[in-house]
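Peer 1: Sharing structure_13.pdb here; it has PDB, C-alpha atoms, pLDDT in the B column.
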```
ATOM      1  CA  VAL A   1      -2.974 -34.363  -7.151  1.00 67.00           C
ATOM      2  CA  ASN A   2      -0.127 -35.239  -9.518  1.00 75.00           C
ATOM      3  CA  ARG A   3      -1.561 -38.768  -9.993  1.00 83.00           C
ATOM      4  CA  TYR A   4      -4.990 -37.354 -10.919  1.00 80.00           C
ATOM      5  CA  ILE A   5      -3.363 -34.960 -13.376  1.00 78.00           C
ATOM      6  CA  ASP A   6      -1.311 -37.799 -14.922  1.00 81.00           C
ATOM      7  CA  GLN A   7      -4.462 -39.961 -15.266  1.00 85.00           C
ATOM      8  CA  GLY A   8      -6.406 -37.127 -16.877  1.00 83.00           C
ATOM      9  CA  ILE A   9      -8.948 -37.106 -14.046  1.00 83.00           C
ATOM     10  CA  ALA A  10      -7.967 -33.591 -13.016  1.00 80.00           C
ATOM     11  CA  GLU A  11      -6.629 -30.567 -14.827  1.00 80.00           C
ATOM     12  CA  PHE A  12      -4.171 -28.171 -13.294  1.00 77.00           C
ATOM     13  CA  VAL A  13      -5.068 -24.505 -13.676  1.00 77.00           C
ATOM     14  CA  PRO A  14      -2.200 -22.355 -12.406  1.00 77.00           C
ATOM     15  CA  GLY A  15      -3.076 -19.385 -10.260  1.00 86.00           C
ATOM     16  CA  VAL A  16      -1.538 -16.230  -8.898  1.00 87.00           C
ATOM     17  CA  LEU A  17      -0.776 -15.667  -5.224  1.00 87.00           C
ATOM     18  CA  PHE A  18      -0.269 -12.046  -4.186  1.00 90.00           C
ATOM     19  CA  ILE A  19       1.459 -11.469  -0.835  1.00 90.00           C
ATOM     20  CA  ASP A  20       1.478  -7.845   0.273  1.00 92.00           C
ATOM     21  CA  GLU A  21       3.767  -6.662   3.094  1.00 92.00           C
ATOM     22  CA  VAL A  22       5.972  -9.714   2.526  1.00 92.00           C
ATOM     23  CA  HIS A  23       8.530  -8.343   4.995  1.00 91.00           C
ATOM     24  CA  MET A  24       6.026  -9.248   7.751  1.00 92.00           C
ATOM     25  CA  LEU A  25       6.414 -12.975   7.119  1.00 92.00           C
ATOM     26  CA  ASP A  26       8.677 -14.891   9.461  1.00 91.00           C
ATOM     27  CA  LEU A  27      11.503 -17.283   8.641  1.00 89.00           C
ATOM     28  CA  GLU A  28       9.248 -20.347   8.894  1.00 91.00           C
ATOM     29  CA  CYS A  29       6.813 -18.869   6.346  1.00 90.00           C
ATOM     30  CA  PHE A  30       9.656 -18.120   3.958  1.00 90.00           C
ATOM     31  CA  THR A  31      10.955 -21.678   4.367  1.00 89.00           C
ATOM     32  CA  TYR A  32       7.521 -23.074   3.505  1.00 88.00           C
ATOM     33  CA  LEU A  33       7.095 -20.703   0.553  1.00 88.00           C
ATOM     34  CA  HIS A  34      10.541 -21.546  -0.778  1.00 86.00           C
ATOM     35  CA  ARG A  35       9.713 -25.245  -0.763  1.00 86.00           C
ATOM     36  CA  ALA A  36       6.231 -24.696  -2.247  1.00 83.00           C
ATOM     37  CA  LEU A  37       7.666 -22.589  -5.089  1.00 86.00           C
ATOM     38  CA  GLU A  38       9.810 -25.529  -6.190  1.00 85.00           C
ATOM     39  CA  SER A  39       6.698 -27.661  -6.726  1.00 81.00           C
ATOM     40  CA  PRO A  40       5.631 -28.291 -10.339  1.00 77.00           C
ATOM     41  CA  ILE A  41       2.141 -27.033  -9.437  1.00 78.00           C
ATOM     42  CA  ALA A  42       3.375 -23.835  -7.786  1.00 83.00           C
ATOM     43  CA  PRO A  43       1.369 -20.700  -8.529  1.00 84.00           C
ATOM     44  CA  ILE A  44       2.863 -17.498  -9.819  1.00 88.00           C
ATOM     45  CA  VAL A  45       3.720 -15.557  -6.677  1.00 89.00           C
ATOM     46  CA  ILE A  46       3.914 -11.777  -6.475  1.00 91.00           C
ATOM     47  CA  PHE A  47       5.532 -10.288  -3.394  1.00 91.00           C
ATOM     48  CA  ALA A  48       5.060  -6.641  -2.461  1.00 92.00           C
ATOM     49  CA  THR A  49       6.908  -4.608   0.145  1.00 90.00           C
ATOM     50  CA  ASN A  50       8.032  -1.056   0.743  1.00 87.00           C
ATOM     51  CA  ARG A  51      10.994  -1.980   2.937  1.00 88.00           C
ATOM     52  CA  GLY A  52      14.667  -1.604   2.207  1.00 88.00           C
ATOM     53  CA  LYS A  53      17.084  -3.536   4.389  1.00 92.00           C
ATOM     54  CA  CYS A  54      15.457  -4.878   7.540  1.00 90.00           C
ATOM     55  CA  ALA A  55      15.531  -7.826   9.897  1.00 90.00           C
ATOM     56  CA  ILE A  56      13.815 -11.045   8.890  1.00 91.00           C
ATOM     57  CA  LYS A  57      11.109 -11.894  11.426  1.00 89.00           C
ATOM     58  CA  GLY A  58      12.074 -14.921  13.489  1.00 87.00           C
ATOM     59  CA  ALA A  59      15.764 -14.286  12.796  1.00 85.00           C
ATOM     60  CA  GLU A  60      16.333 -10.805  14.180  1.00 77.00           C
ATOM     61  CA  ASP A  61      20.098 -11.109  13.672  1.00 86.00           C
ATOM     62  CA  ILE A  62      19.708 -11.459   9.888  1.00 88.00           C
ATOM     63  CA  ILE A  63      19.354  -8.151   8.039  1.00 91.00           C
ATOM     64  CA  SER A  64      18.336  -8.618   4.423  1.00 92.00           C
ATOM     65  CA  PRO A  65      17.034  -6.557   1.504  1.00 93.00           C
ATOM     66  CA  HIS A  66      13.235  -6.244   1.721  1.00 92.00           C
ATOM     67  CA  GLY A  67      13.241  -8.417   4.867  1.00 91.00           C
ATOM     68  CA  MET A  68      13.423 -11.577   2.732  1.00 92.00           C
ATOM     69  CA  PRO A  69      15.989 -14.407   2.934  1.00 92.00           C
ATOM     70  CA  LEU A  70      18.775 -14.070   0.358  1.00 91.00           C
ATOM     71  CA  ASP A  71      18.239 -17.573  -1.062  1.00 89.00           C
ATOM     72  CA  LEU A  72      14.638 -16.630  -1.888  1.00 89.00           C
ATOM     73  CA  LEU A  73      15.682 -13.250  -3.304  1.00 89.00           C
ATOM     74  CA  ASP A  74      18.051 -15.084  -5.657  1.00 89.00           C
ATOM     75  CA  ARG A  75      15.086 -16.928  -7.197  1.00 86.00           C
ATOM     76  CA  ILE A  76      12.793 -13.984  -7.868  1.00 88.00           C
ATOM     77  CA  MET A  77      12.604 -11.114 -10.314  1.00 89.00           C
ATOM     78  CA  ILE A  78      12.422  -7.673  -8.754  1.00 89.00           C
ATOM     79  CA  ILE A  79      10.338  -5.114 -10.612  1.00 88.00           C
ATOM     80  CA  GLN A  80      11.238  -1.505  -9.985  1.00 85.00           C
ATOM     81  CA  THR A  81       8.319   0.803  -9.372  1.00 86.00           C
ATOM     82  CA  LEU A  82       8.358   4.572  -9.594  1.00 89.00           C
ATOM     83  CA  PRO A  83       6.339   7.160  -7.691  1.00 90.00           C
ATOM     84  CA  TYR A  84       3.252   8.573  -9.380  1.00 95.00           C
ATOM     85  CA  SER A  85       3.527  11.992 -10.993  1.00 96.00           C
ATOM     86  CA  GLN A  86       1.163  14.718  -9.812  1.00 96.00           C
ATOM     87  CA  GLU A  87      -0.854  14.355 -13.042  1.00 97.00           C
ATOM     88  CA  GLU A  88      -1.217  10.607 -12.474  1.00 97.00           C
ATOM     89  CA  MET A  89      -2.383  11.276  -8.920  1.00 97.00           C
ATOM     90  CA  GLN A  90      -4.966  13.747 -10.233  1.00 98.00           C
ATOM     91  CA  HIS A  91      -6.286  11.054 -12.555  1.00 98.00           C
ATOM     92  CA  ILE A  92      -6.425   8.497  -9.713  1.00 97.00           C
ATOM     93  CA  LEU A  93      -8.216  10.980  -7.451  1.00 98.00           C
ATOM     94  CA  LYS A  94     -10.784  11.717 -10.190  1.00 98.00           C
ATOM     95  CA  ILE A  95     -11.434   7.990 -10.648  1.00 97.00           C
ATOM     96  CA  ARG A  96     -11.770   7.453  -6.893  1.00 97.00           C
ATOM     97  CA  ALA A  97     -14.115  10.429  -6.518  1.00 97.00           C
ATOM     98  CA  HIS A  98     -16.238   9.136  -9.409  1.00 97.00           C
ATOM     99  CA  THR A  99     -16.300   5.632  -7.880  1.00 97.00           C
ATOM    100  CA  GLU A 100     -17.483   7.046  -4.542  1.00 96.00           C
ATOM    101  CA  LEU A 101     -20.055   9.270  -6.302  1.00 97.00           C
ATOM    102  CA  ILE A 102     -18.269  12.398  -5.068  1.00 97.00           C
ATOM    103  CA  SER A 103     -18.264  15.512  -7.217  1.00 97.00           C
ATOM    104  CA  ALA A 104     -15.211  17.782  -7.033  1.00 97.00           C
ATOM    105  CA  THR A 105     -14.009  20.782  -9.000  1.00 97.00           C
ATOM    106  CA  ASP A 106     -10.847  20.438 -11.056  1.00 97.00           C
ATOM    107  CA  ASP A 107      -9.133  22.910  -8.723  1.00 97.00           C
ATOM    108  CA  ALA A 108     -10.036  20.759  -5.707  1.00 97.00           C
ATOM    109  CA  ILE A 109      -8.588  17.685  -7.426  1.00 98.00           C
ATOM    110  CA  VAL A 110      -5.384  19.623  -8.222  1.00 97.00           C
ATOM    111  CA  LEU A 111      -5.175  20.719  -4.571  1.00 97.00           C
ATOM    112  CA  LEU A 112      -5.705  17.139  -3.388  1.00 98.00           C
ATOM    113  CA  SER A 113      -2.943  15.967  -5.745  1.00 97.00           C
ATOM    114  CA  GLU A 114      -0.634  18.597  -4.223  1.00 97.00           C
ATOM    115  CA  VAL A 115      -1.516  17.223  -0.779  1.00 97.00           C
ATOM    116  CA  ALA A 116      -0.697  13.737  -2.123  1.00 96.00           C
ATOM    117  CA  THR A 117       2.756  14.828  -3.332  1.00 96.00           C
ATOM    118  CA  GLN A 118       3.522  16.324   0.094  1.00 94.00           C
ATOM    119  CA  THR A 119       2.077  13.411   2.090  1.00 95.00           C
ATOM    120  CA  THR A 120       0.748  10.238   0.456  1.00 94.00           C
ATOM    121  CA  LEU A 121      -1.822   9.405  -2.186  1.00 96.00           C
ATOM    122  CA  ARG A 122      -3.654   7.256   0.370  1.00 95.00           C
ATOM    123  CA  TYR A 123      -4.023  10.252   2.704  1.00 96.00           C
ATOM    124  CA  ALA A 124      -5.331  12.454  -0.130  1.00 97.00           C
ATOM    125  CA  VAL A 125      -7.865   9.771  -1.109  1.00 97.00           C
ATOM    126  CA  GLN A 126      -8.971   9.521   2.519  1.00 97.00           C
ATOM    127  CA  LEU A 127      -9.705  13.266   2.522  1.00 97.00           C
ATOM    128  CA  LEU A 128     -12.316  12.870  -0.237  1.00 97.00           C
ATOM    129  CA  THR A 129     -15.145  11.661   2.005  1.00 97.00           C
ATOM    130  CA  PRO A 130     -14.758  14.251   4.793  1.00 97.00           C
ATOM    131  CA  ALA A 131     -14.349  16.977   2.136  1.00 97.00           C
ATOM    132  CA  ALA A 132     -17.590  15.823   0.495  1.00 97.00           C
ATOM    133  CA  LEU A 133     -19.354  15.925   3.871  1.00 97.00           C
ATOM    134  CA  MET A 134     -17.930  19.393   4.524  1.00 96.00           C
ATOM    135  CA  ALA A 135     -19.183  20.567   1.116  1.00 97.00           C
ATOM    136  CA  LYS A 136     -22.647  19.236   1.956  1.00 96.00           C
ATOM    137  CA  ILE A 137     -22.564  21.073   5.319  1.00 95.00           C
ATOM    138  CA  ASN A 138     -21.499  24.224   3.439  1.00 95.00           C
ATOM    139  CA  GLY A 139     -24.521  23.845   1.144  1.00 96.00           C
ATOM    140  CA  LYS A 140     -22.519  22.808  -1.936  1.00 97.00           C
ATOM    141  CA  ASP A 141     -22.993  19.871  -4.254  1.00 96.00           C
ATOM    142  CA  GLN A 142     -19.296  19.433  -4.997  1.00 97.00           C
ATOM    143  CA  ILE A 143     -15.938  19.702  -3.255  1.00 97.00           C
ATOM    144  CA  GLU A 144     -14.093  22.971  -3.780  1.00 97.00           C
ATOM    145  CA  ASP A 145     -10.668  24.179  -2.592  1.00 96.00           C
ATOM    146  CA  GLU A 146     -12.212  25.508   0.625  1.00 96.00           C
ATOM    147  CA  GLU A 147     -13.354  22.047   1.748  1.00 97.00           C
ATOM    148  CA  VAL A 148      -9.991  20.450   0.926  1.00 97.00           C
ATOM    149  CA  GLN A 149      -8.246  23.109   3.027  1.00 96.00           C
ATOM    150  CA  GLN A 150     -10.742  22.700   5.883  1.00 96.00           C
ATOM    151  CA  VAL A 151     -10.405  18.925   6.170  1.00 96.00           C
ATOM    152  CA  GLY A 152      -6.655  19.131   5.567  1.00 93.00           C
ATOM    153  CA  GLY A 153      -6.473  21.220   8.732  1.00 92.00           C
ATOM    154  CA  MET A 154      -8.658  18.793  10.687  1.00 95.00           C
ATOM    155  CA  PHE A 155      -6.725  15.568  10.047  1.00 94.00           C
ATOM    156  CA  LEU A 156      -3.057  14.621  10.301  1.00 92.00           C
ATOM    157  CA  ASP A 157      -1.140  12.489   7.860  1.00 92.00           C
ATOM    158  CA  ALA A 158       1.208   9.830   9.271  1.00 91.00           C
ATOM    159  CA  LYS A 159       4.348  11.976   8.930  1.00 91.00           C
ATOM    160  CA  LYS A 160       2.841  14.962  10.771  1.00 92.00           C
ATOM    161  CA  SER A 161       1.495  12.689  13.488  1.00 92.00           C
ATOM    162  CA  ALA A 162       4.888  10.978  13.942  1.00 92.00           C
ATOM    163  CA  LYS A 163       6.612  14.363  14.128  1.00 92.00           C
ATOM    164  CA  ILE A 164       4.212  15.579  16.819  1.00 90.00           C
ATOM    165  CA  LEU A 165       4.721  12.364  18.791  1.00 91.00           C
ATOM    166  CA  HIS A 166       8.482  12.768  18.530  1.00 90.00           C
ATOM    167  CA  ASP A 167       8.581  16.484  19.326  1.00 93.00           C
ATOM    168  CA  GLU A 168       6.208  16.167  22.274  1.00 91.00           C
ATOM    169  CA  ARG A 169       7.184  12.679  23.460  1.00 88.00           C
ATOM    170  CA  GLU A 170       7.521  13.785  27.105  1.00 89.00           C
ATOM    171  CA  LYS A 171       3.766  14.494  27.160  1.00 89.00           C
ATOM    172  CA  PHE A 172       2.800  10.920  26.225  1.00 83.00           C
ATOM    173  CA  LEU A 173       2.808   7.693  28.202  1.00 80.00           C
ATOM    174  CA  LYS A 174       5.785   5.436  27.626  1.00 74.00           C
TER     175      LYS A 174
END
```
Written as structure tokens, how would this file's structure read?
Peer 2:
Amino acid sequence: VNRYIDQGIAEFVPGVLFIDEVHMLDLECFTYLHRALESPIAPIVIFATNRGKCAIKGAEDIISPHGMPLDLLDRIMIIQTLPYSQEEMQHILKIRAHTELISATDDAIVLLSEVATQTTLRYAVQLLTPAALMAKINGKDQIEDEEVQQVGGMFLDAKKSAKILHDEREKFLK
């Protein structure tokens, strides 16, 4: 590739590689990535993770920030992210509802954003479709507070589910 670029036969167009859940990579993957990033034709790489300190896969005895080897962490820039405000979540929920052709009252969107602040935005977004179906069953053309409350009582978010599993662990298979 480098020879073709030097001869003018080929042109290098840099790209972007996005790796989500980077803490799931093992030590061999990190070794390969580290070497590839030193190449003159390396893409811009964006790593994403929600982990603090955790073991690096393939080297369970090594605990590292974000589950990444320290020598790789030394070569990257870490961008701090902040949680969304409730108003930002309302805006995101409105956009998602519009994208999915779901009509919802402003009060229902506010209620969904409250659910998002107590659980996760992903969970609140996932409630949109069942709430829309519930509204249709109730003879309405848009989601109202009632439907958000109904579907909120029908489905568990991850934290509630984990709590139930923990509190009632003797009832489940091990």
Peer 1: Could you list, as a ChimeraX atom specification, every residue matched by the PyMOL selection byres ((chain A and resi 126-132) around 7) in this structure?
Peer 2: /A:97,102,122-125,133-136,142-143,147-148,151
Peer 1: Each residue of segment 24-46 of chain A lying at most 9 Å from segment 64-74 of chain A should get a row with its shortest atom-to-atom pair and the distance in Å to one decimal, counting all atoms listed in the file; could you produce that, ordered by chain and increasing number, as CSV?
Peer 2:
```
residue,atom,partner,partner_atom,distance
A:Met24,CA,A:Gly67,CA,7.8
A:Leu25,CA,A:Met68,CA,8.4
A:Asp26,CA,A:Met68,CA,8.9
A:Leu27,CA,A:Pro69,CA,7.8
A:Phe30,CA,A:Pro69,CA,7.4
A:Thr31,CA,A:Leu72,CA,8.8
A:Leu33,CA,A:Leu72,CA,8.9
A:His34,CA,A:Leu72,CA,6.5
```
Peer 1: Let me know the centre plus edge lengths, in Å and rounded to one decimal, of a box with edges along x, y and z that contains all listed atoms of segment 38-45 of chain A and is padded by 5 Å on every side, as JSON.
Peer 2:
```
{"center_x": 5.6, "center_y": -21.9, "center_z": -8.3, "size_x": 18.4, "size_y": 22.7, "size_z": 14.1}
```
Peer 1: Selected by the PyMOL selection byres ((chain A and resi 22) around 7) in the shown coordinates: which residues, as a VMD selection string?
Peer 2: chain A and resid 19 to 21 23 to 25 47 to 49
Peer 1: Apply the PyMOL selection byres ((chain A and resi 13-16) around 6) to the displayed file and report the matching residues as a list in words.
Peer 2: Phe12, Leu17, Pro43, Ile44 and Val45 of chain A
Peer 1: Residues at most 7 Å from Val110 of chain A, counting only C-alpha atoms, excluding those fewer than 4 positions away in the same chain, as a count of residues only?
Peer 2: 3
Peer 1: Please tell me which residues are no farther than 10 Å from (12.7, -14.9, 13.1) in the file, counting only C-alpha atoms, and write them as a PyMOL selection string.
Peer 2: chain A and resi 25-29+55-62
Peer 1: Taking only C-alpha atoms into account, which of A:Lys174, A:Cys54, A:Ser161, A:Asn2 comes nearest Thr119 of chain A?
Peer 2: A:Ser161
Peer 1: Grab the atom CA of Ala116 of chain A to atom CA of Met89 of chain A distance for me, in Å with one decimal place.
Peer 2: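 Taking atom CA of Ala116 of chain A and atom CA of Met89 of chain A, their separation equals 7.4 Å.
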Peer 1: Would you work out the distance separating atom CA of Ala42 of chain A from atom CA of Ile76 of chain A, expressed in Å to one decimal?
Peer 2: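 Separation of atom CA of Ala42 of chain A and atom CA of Ile76 of chain A: 13.6 Å.
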Peer 1: Between A:Lys53, A:Ile46, A:Ala158, A:Leu111, which has the minimum distance to Phe18 of chain A (counting all atoms listed in the file)?
Peer 2: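 Closest candidate: A:Ile46.
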Peer 1: What does the distance between atom CA of Asp167 of chain A and atom CA of Val115 of chain A come to in Å, to one decimal place?
Peer 2: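 Those two atoms sit 22.5 Å apart.
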Peer 1: Considering all atoms listed in the file, state which residue in the set A:Leu121, A:Ile41, A:Met154, A:Ile137 is at the smallest distance from Ser85 of chain A.
Peer 2: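 The shortest atom-to-atom distance to Ser85 of chain A comes from A:Leu121.
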Peer 1: Select, from A:Ile63, A:Ala108, A:Ile92, A:Leu173, the residue with the minimum atom-to-atom distance to Arg51 of chain A, counting only C-alpha atoms.
Peer 2: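 Nearest to Arg51 of chain A: A:Ile63.
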